[in-house]
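Structure file run.csv; described as CSV, C-alpha atoms.
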```csv
chain,number,residue,atom,x,y,z
A,1,MET,CA,-3.8,-126.1,61.1
A,2,ASN,CA,-0.7,-126.6,63.1
A,3,PRO,CA,0.7,-123.1,64.0
A,4,SER,CA,4.2,-124.5,64.1
A,5,VAL,CA,4.3,-124.8,60.3
A,6,ARG,CA,3.2,-121.2,59.7
A,7,ARG,CA,6.1,-118.9,59.0
A,8,THR,CA,6.2,-115.2,59.6
A,9,GLY,CA,9.9,-114.5,60.0
A,10,PRO,CA,12.6,-113.8,57.5
A,11,LEU,CA,13.0,-116.1,54.5
A,12,ASP,CA,15.6,-118.7,54.6
A,13,ARG,CA,17.9,-119.4,51.7
A,14,GLY,CA,15.7,-122.1,50.2
A,15,GLU,CA,12.6,-119.9,50.5
A,16,ARG,CA,14.4,-117.1,48.7
A,17,ARG,CA,15.4,-119.4,45.9
A,18,THR,CA,11.8,-120.7,45.7
A,19,LEU,CA,10.4,-117.2,45.6
A,20,LEU,CA,12.9,-116.2,42.9
A,21,GLY,CA,11.9,-119.3,40.8
A,22,LEU,CA,8.2,-118.3,41.2
A,23,CYS,CA,9.0,-114.8,40.0
A,24,VAL,CA,10.7,-116.2,36.9
A,25,VAL,CA,7.7,-118.5,36.2
A,26,ALA,CA,5.3,-115.6,36.7
A,27,SER,CA,7.3,-113.3,34.5
A,28,MET,CA,7.5,-115.8,31.7
A,29,THR,CA,3.8,-116.6,31.8
A,30,ALA,CA,3.0,-112.9,31.8
A,31,LEU,CA,5.4,-111.9,29.0
A,32,ILE,CA,5.0,-114.7,26.5
A,33,GLY,CA,3.0,-113.3,23.6
A,34,ILE,CA,2.2,-110.0,25.4
A,35,GLY,CA,2.4,-107.9,22.3
A,36,THR,CA,0.9,-110.3,19.8
A,37,LYS,CA,-2.8,-109.9,20.3
A,38,SER,CA,-4.7,-106.8,19.1
A,39,PHE,CA,-6.4,-104.6,21.7
A,40,TRP,CA,-9.8,-105.4,22.9
A,41,PHE,CA,-12.3,-102.5,23.4
A,42,ASP,CA,-11.3,-101.5,27.0
A,43,GLU,CA,-7.6,-101.6,26.3
A,44,GLY,CA,-8.1,-99.4,23.2
A,45,TYR,CA,-10.2,-97.0,25.4
A,46,SER,CA,-7.3,-96.9,28.0
A,47,ALA,CA,-4.8,-96.1,25.3
A,48,GLU,CA,-6.9,-93.4,23.7
A,49,LEU,CA,-7.6,-91.8,27.1
A,50,ALA,CA,-3.9,-91.7,27.9
A,51,ARG,CA,-3.2,-90.1,24.5
A,52,GLN,CA,-5.5,-87.2,25.1
A,53,PRO,CA,-4.2,-83.7,25.9
A,54,VAL,CA,-3.9,-83.2,29.6
A,55,GLY,CA,-7.0,-81.0,30.0
A,56,THR,CA,-9.2,-83.4,28.1
A,57,TRP,CA,-7.6,-86.4,29.8
A,58,TRP,CA,-8.2,-84.8,33.3
A,59,ARG,CA,-11.9,-84.2,32.5
A,60,LEU,CA,-12.5,-87.6,31.0
A,61,LEU,CA,-10.6,-89.3,33.8
A,62,PHE,CA,-13.3,-88.3,36.3
A,63,GLU,CA,-16.2,-88.4,33.9
A,64,GLN,CA,-15.6,-91.9,32.4
A,65,GLU,CA,-12.7,-93.7,34.0
A,66,GLY,CA,-13.4,-93.1,37.7
A,67,GLY,CA,-13.4,-96.8,38.4
A,68,ALA,CA,-9.6,-97.2,37.8
A,69,LEU,CA,-8.0,-93.8,38.6
A,70,LEU,CA,-4.6,-95.1,39.7
A,71,HIS,CA,-4.1,-97.1,36.5
A,72,ALA,CA,-5.1,-94.2,34.3
A,73,VAL,CA,-2.8,-91.8,36.1
A,74,LEU,CA,0.2,-94.2,35.7
A,75,LEU,CA,-0.7,-95.0,32.1
A,76,LYS,CA,-0.5,-91.4,30.9
A,77,PRO,CA,3.3,-91.0,31.5
A,78,TRP,CA,3.9,-94.7,30.7
A,79,LEU,CA,2.6,-94.3,27.2
A,80,ALA,CA,4.9,-91.2,26.7
A,81,VAL,CA,7.8,-93.8,26.5
A,82,SER,CA,6.2,-96.0,23.8
A,83,ASP,CA,3.0,-96.3,22.0
A,84,ALA,CA,3.3,-100.1,21.3
A,85,ASP,CA,0.5,-102.5,22.3
A,86,GLY,CA,3.0,-104.6,24.3
A,87,TRP,CA,4.3,-101.6,26.2
A,88,LEU,CA,0.8,-100.6,27.3
A,89,ARG,CA,0.2,-104.1,28.5
A,90,PHE,CA,3.6,-104.3,30.2
A,91,LEU,CA,2.5,-101.9,32.9
A,92,SER,CA,0.4,-104.9,34.3
A,93,VAL,CA,3.4,-107.3,34.5
A,94,PRO,CA,5.2,-106.0,37.6
A,95,PHE,CA,1.8,-105.9,39.5
A,96,ALA,CA,1.1,-109.5,38.3
A,97,VAL,CA,4.5,-110.8,39.4
A,98,GLY,CA,4.0,-108.9,42.7
A,99,GLN,CA,0.7,-110.8,43.1
A,100,VAL,CA,2.7,-114.1,43.1
A,101,VAL,CA,5.1,-112.8,45.7
A,102,LEU,CA,2.2,-111.5,47.9
A,103,THR,CA,0.3,-114.8,47.5
A,104,TYR,CA,3.4,-116.6,48.7
A,105,PHE,CA,3.6,-114.4,51.8
A,106,VAL,CA,-0.1,-114.6,52.6
A,107,ALA,CA,-0.1,-118.4,52.1
A,108,ARG,CA,3.1,-118.7,54.2
A,109,ARG,CA,1.3,-117.0,57.1
A,110,VAL,CA,-1.9,-119.0,56.6
A,111,ILE,CA,-0.8,-122.5,55.5
A,112,GLY,CA,2.9,-122.5,56.0
A,113,ALA,CA,5.0,-125.0,54.1
A,114,GLY,CA,2.7,-125.3,51.1
A,115,ALA,CA,2.9,-121.5,50.3
A,116,TRP,CA,5.0,-122.2,47.2
A,117,ALA,CA,2.2,-124.3,45.7
A,118,ALA,CA,-0.4,-121.5,46.1
A,119,ALA,CA,1.9,-119.1,44.4
A,120,LEU,CA,2.8,-121.5,41.6
A,121,ALA,CA,-0.9,-122.2,41.1
A,122,LEU,CA,-1.5,-118.5,40.6
A,123,ALA,CA,1.5,-118.0,38.3
A,124,VAL,CA,0.3,-120.6,35.8
A,125,ASN,CA,-3.4,-119.9,36.1
A,126,GLY,CA,-5.1,-118.8,32.8
A,127,ALA,CA,-7.0,-115.9,34.4
A,128,PHE,CA,-3.8,-114.6,36.0
A,129,VAL,CA,-2.0,-114.7,32.6
A,130,GLN,CA,-4.9,-113.0,30.9
A,131,TYR,CA,-5.0,-110.1,33.4
A,132,ALA,CA,-1.2,-109.9,33.5
A,133,GLN,CA,-1.3,-109.3,29.7
A,134,GLU,CA,-4.1,-106.7,29.7
A,135,GLY,CA,-3.6,-102.9,29.5
A,136,ARG,CA,-6.2,-102.5,32.2
A,137,ALA,CA,-6.2,-102.1,36.0
A,138,TYR,CA,-7.1,-105.7,37.0
A,139,ALA,CA,-3.5,-106.9,37.8
A,140,MET,CA,-2.9,-103.7,39.8
A,141,ALA,CA,-6.2,-104.0,41.7
A,142,SER,CA,-5.4,-107.7,42.6
A,143,PHE,CA,-1.9,-106.7,43.7
A,144,PHE,CA,-3.3,-104.1,46.1
A,145,VAL,CA,-6.0,-106.4,47.5
A,146,LEU,CA,-3.3,-109.0,48.2
A,147,ALA,CA,-1.0,-106.4,49.8
A,148,ALA,CA,-3.9,-105.2,52.0
A,149,ALA,CA,-4.7,-108.9,52.9
A,150,LEU,CA,-1.0,-109.4,54.0
A,151,ALA,CA,-1.1,-106.1,55.9
A,152,PHE,CA,-4.3,-107.2,57.6
A,153,LEU,CA,-2.8,-110.5,58.7
A,154,ARG,CA,0.3,-108.7,60.0
A,155,ALA,CA,-1.9,-106.3,61.9
A,156,VAL,CA,-3.9,-109.1,63.4
A,157,GLU,CA,-0.7,-111.0,64.5
A,158,ARG,CA,0.7,-107.9,66.2
A,159,PRO,CA,-1.7,-104.9,66.4
A,160,GLU,CA,0.7,-101.9,66.3
A,161,TRP,CA,-0.1,-98.5,64.9
A,162,SER,CA,2.5,-98.9,62.1
A,163,ARG,CA,0.8,-102.1,60.9
A,164,LEU,CA,-2.7,-100.8,61.3
A,165,THR,CA,-1.6,-97.6,59.4
A,166,VAL,CA,-0.2,-99.7,56.5
A,167,PHE,CA,-3.4,-101.7,56.3
A,168,ALA,CA,-5.5,-98.5,56.4
A,169,ALA,CA,-3.4,-96.9,53.6
A,170,LEU,CA,-3.8,-100.0,51.4
A,171,ALA,CA,-7.5,-100.0,52.1
A,172,VAL,CA,-7.7,-96.5,50.7
A,173,VAL,CA,-5.5,-97.3,47.7
A,174,CYS,CA,-7.5,-100.4,46.7
A,175,PRO,CA,-10.5,-98.5,45.4
A,176,LEU,CA,-8.2,-96.1,43.6
A,177,ALA,CA,-6.8,-99.0,41.7
A,178,HIS,CA,-10.3,-100.3,40.8
A,179,LEU,CA,-13.7,-99.9,42.3
A,180,TYR,CA,-14.2,-103.7,42.2
A,181,THR,CA,-11.9,-103.9,45.3
A,182,VAL,CA,-14.5,-102.1,47.5
A,183,PRO,CA,-16.2,-105.4,48.7
A,184,PHE,CA,-12.8,-106.6,49.9
A,185,VAL,CA,-12.1,-103.4,51.8
A,186,VAL,CA,-15.6,-103.4,53.4
A,187,ALA,CA,-15.3,-107.1,54.4
```
Is it possible to express this structure as structure tokens?
Amino acid sequence: MNPSVRRTGPLDRGERRTLLGLCVVASMTALIGIGTKSFWFDEGYSAELARQPVGTWWRLLFEQEGGALLHAVLLKPWLAVSDADGWLRFLSVPFAVGQVVLTYFVARRVIGAGAWAAALALAVNGAFVQYAQEGRAYAMASFFVLAAALAFLRAVERPEWSRLTVFAALAVVCPLAHLYTVPFVVA
């Protein structure tokens, strides 16, 4: 890998346009048909949990939904706005689009000029679309793992307390988003 092709500075005008285009593609793939499918079991569980009275919700949150606390905490007020299937799933979309942005920045640091291809490959990937359209914590968890990876790369490039603190904070948030992120944090 030629270090001269890796980019860590501000985005130039072309890169900003590319990133905007990638966000449009990711948004389109995430939103097309988001409200047309019926809930699968886990989404239905998330919706029912969020509809519970606060006391019951709080108890069930720690008894049964401990693996994705952050999503459950955000979903409760989110569903107060609308009870539609598509609205429940829409909570995942900003995190999914954020994954594409973070993939671009991670790839920009690691491979340089081909970062757009990595982000585009994610934006049109079937698994990405599936998780972007689910009312579960997977898009959020992936977002925080990518954010932690970027923070780690930044801390390795220039080890400063501020960068190490950001990485440490994200390493704490990852398991709150989903317990499946623990192996990343440990590695």
> For the point (-5.6, -108.9, 40.0) in file coordinates, what residues are within 12 Å, counting all atoms listed in the file? Give the answer as a ChimeraX atom specification?
Replying inline: /A:92-100,102-103,122-123,125,127-134,136-147,174,177-178,180-181
> What does the distance between CA of Leu164 in chain A and CA of Leu176 in chain A come to in Å, to one decimal place?
Replying inline: 19.1 Å
> Please, what distance in Å, to one decimal, runs between CA of Phe152 in chain A and CA of Ala107 in chain A?
Replying inline: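 Distance between the two atoms: 13.2 Å.
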> Which of these, A:Phe105, A:Phe184, A:Phe167, A:Trp116, has the shortest distance to Val25 in chain A once you count all atoms listed in the file?
Replying inline: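 Of A:Phe105, A:Phe184, A:Phe167, A:Trp116, the one nearest Val25 in chain A, counting all atoms listed in the file, is A:Trp116.
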>> Please list as a ChimeraX atom specification every residue within 12 Å of Gly44 in chain A, counting all atoms listed in the file and excluding residues in the same chain fewer than 2 positions away.
In response: /A:38-42,46-51,83-85,88-89,134-136
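Across the structure, CA of Leu11 in chain A and CA of Glu157 in chain A are spaced 17.7 Å apart.
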> For Val173 in chain A, which of A:Leu69, A:Ile34, A:Ala113, A:Cys23 is the closest residue, counting all atoms listed in the file?
Replying inline: A:Leu69
>> Residues near Trp78 in chain A, anyone? I mean within 8 Å using only C-alpha atoms, not counting same-chain ones fewer than 3 positions away, as a PyMOL selection string.
In response: chain A and resi 74-75+81-82+88+91
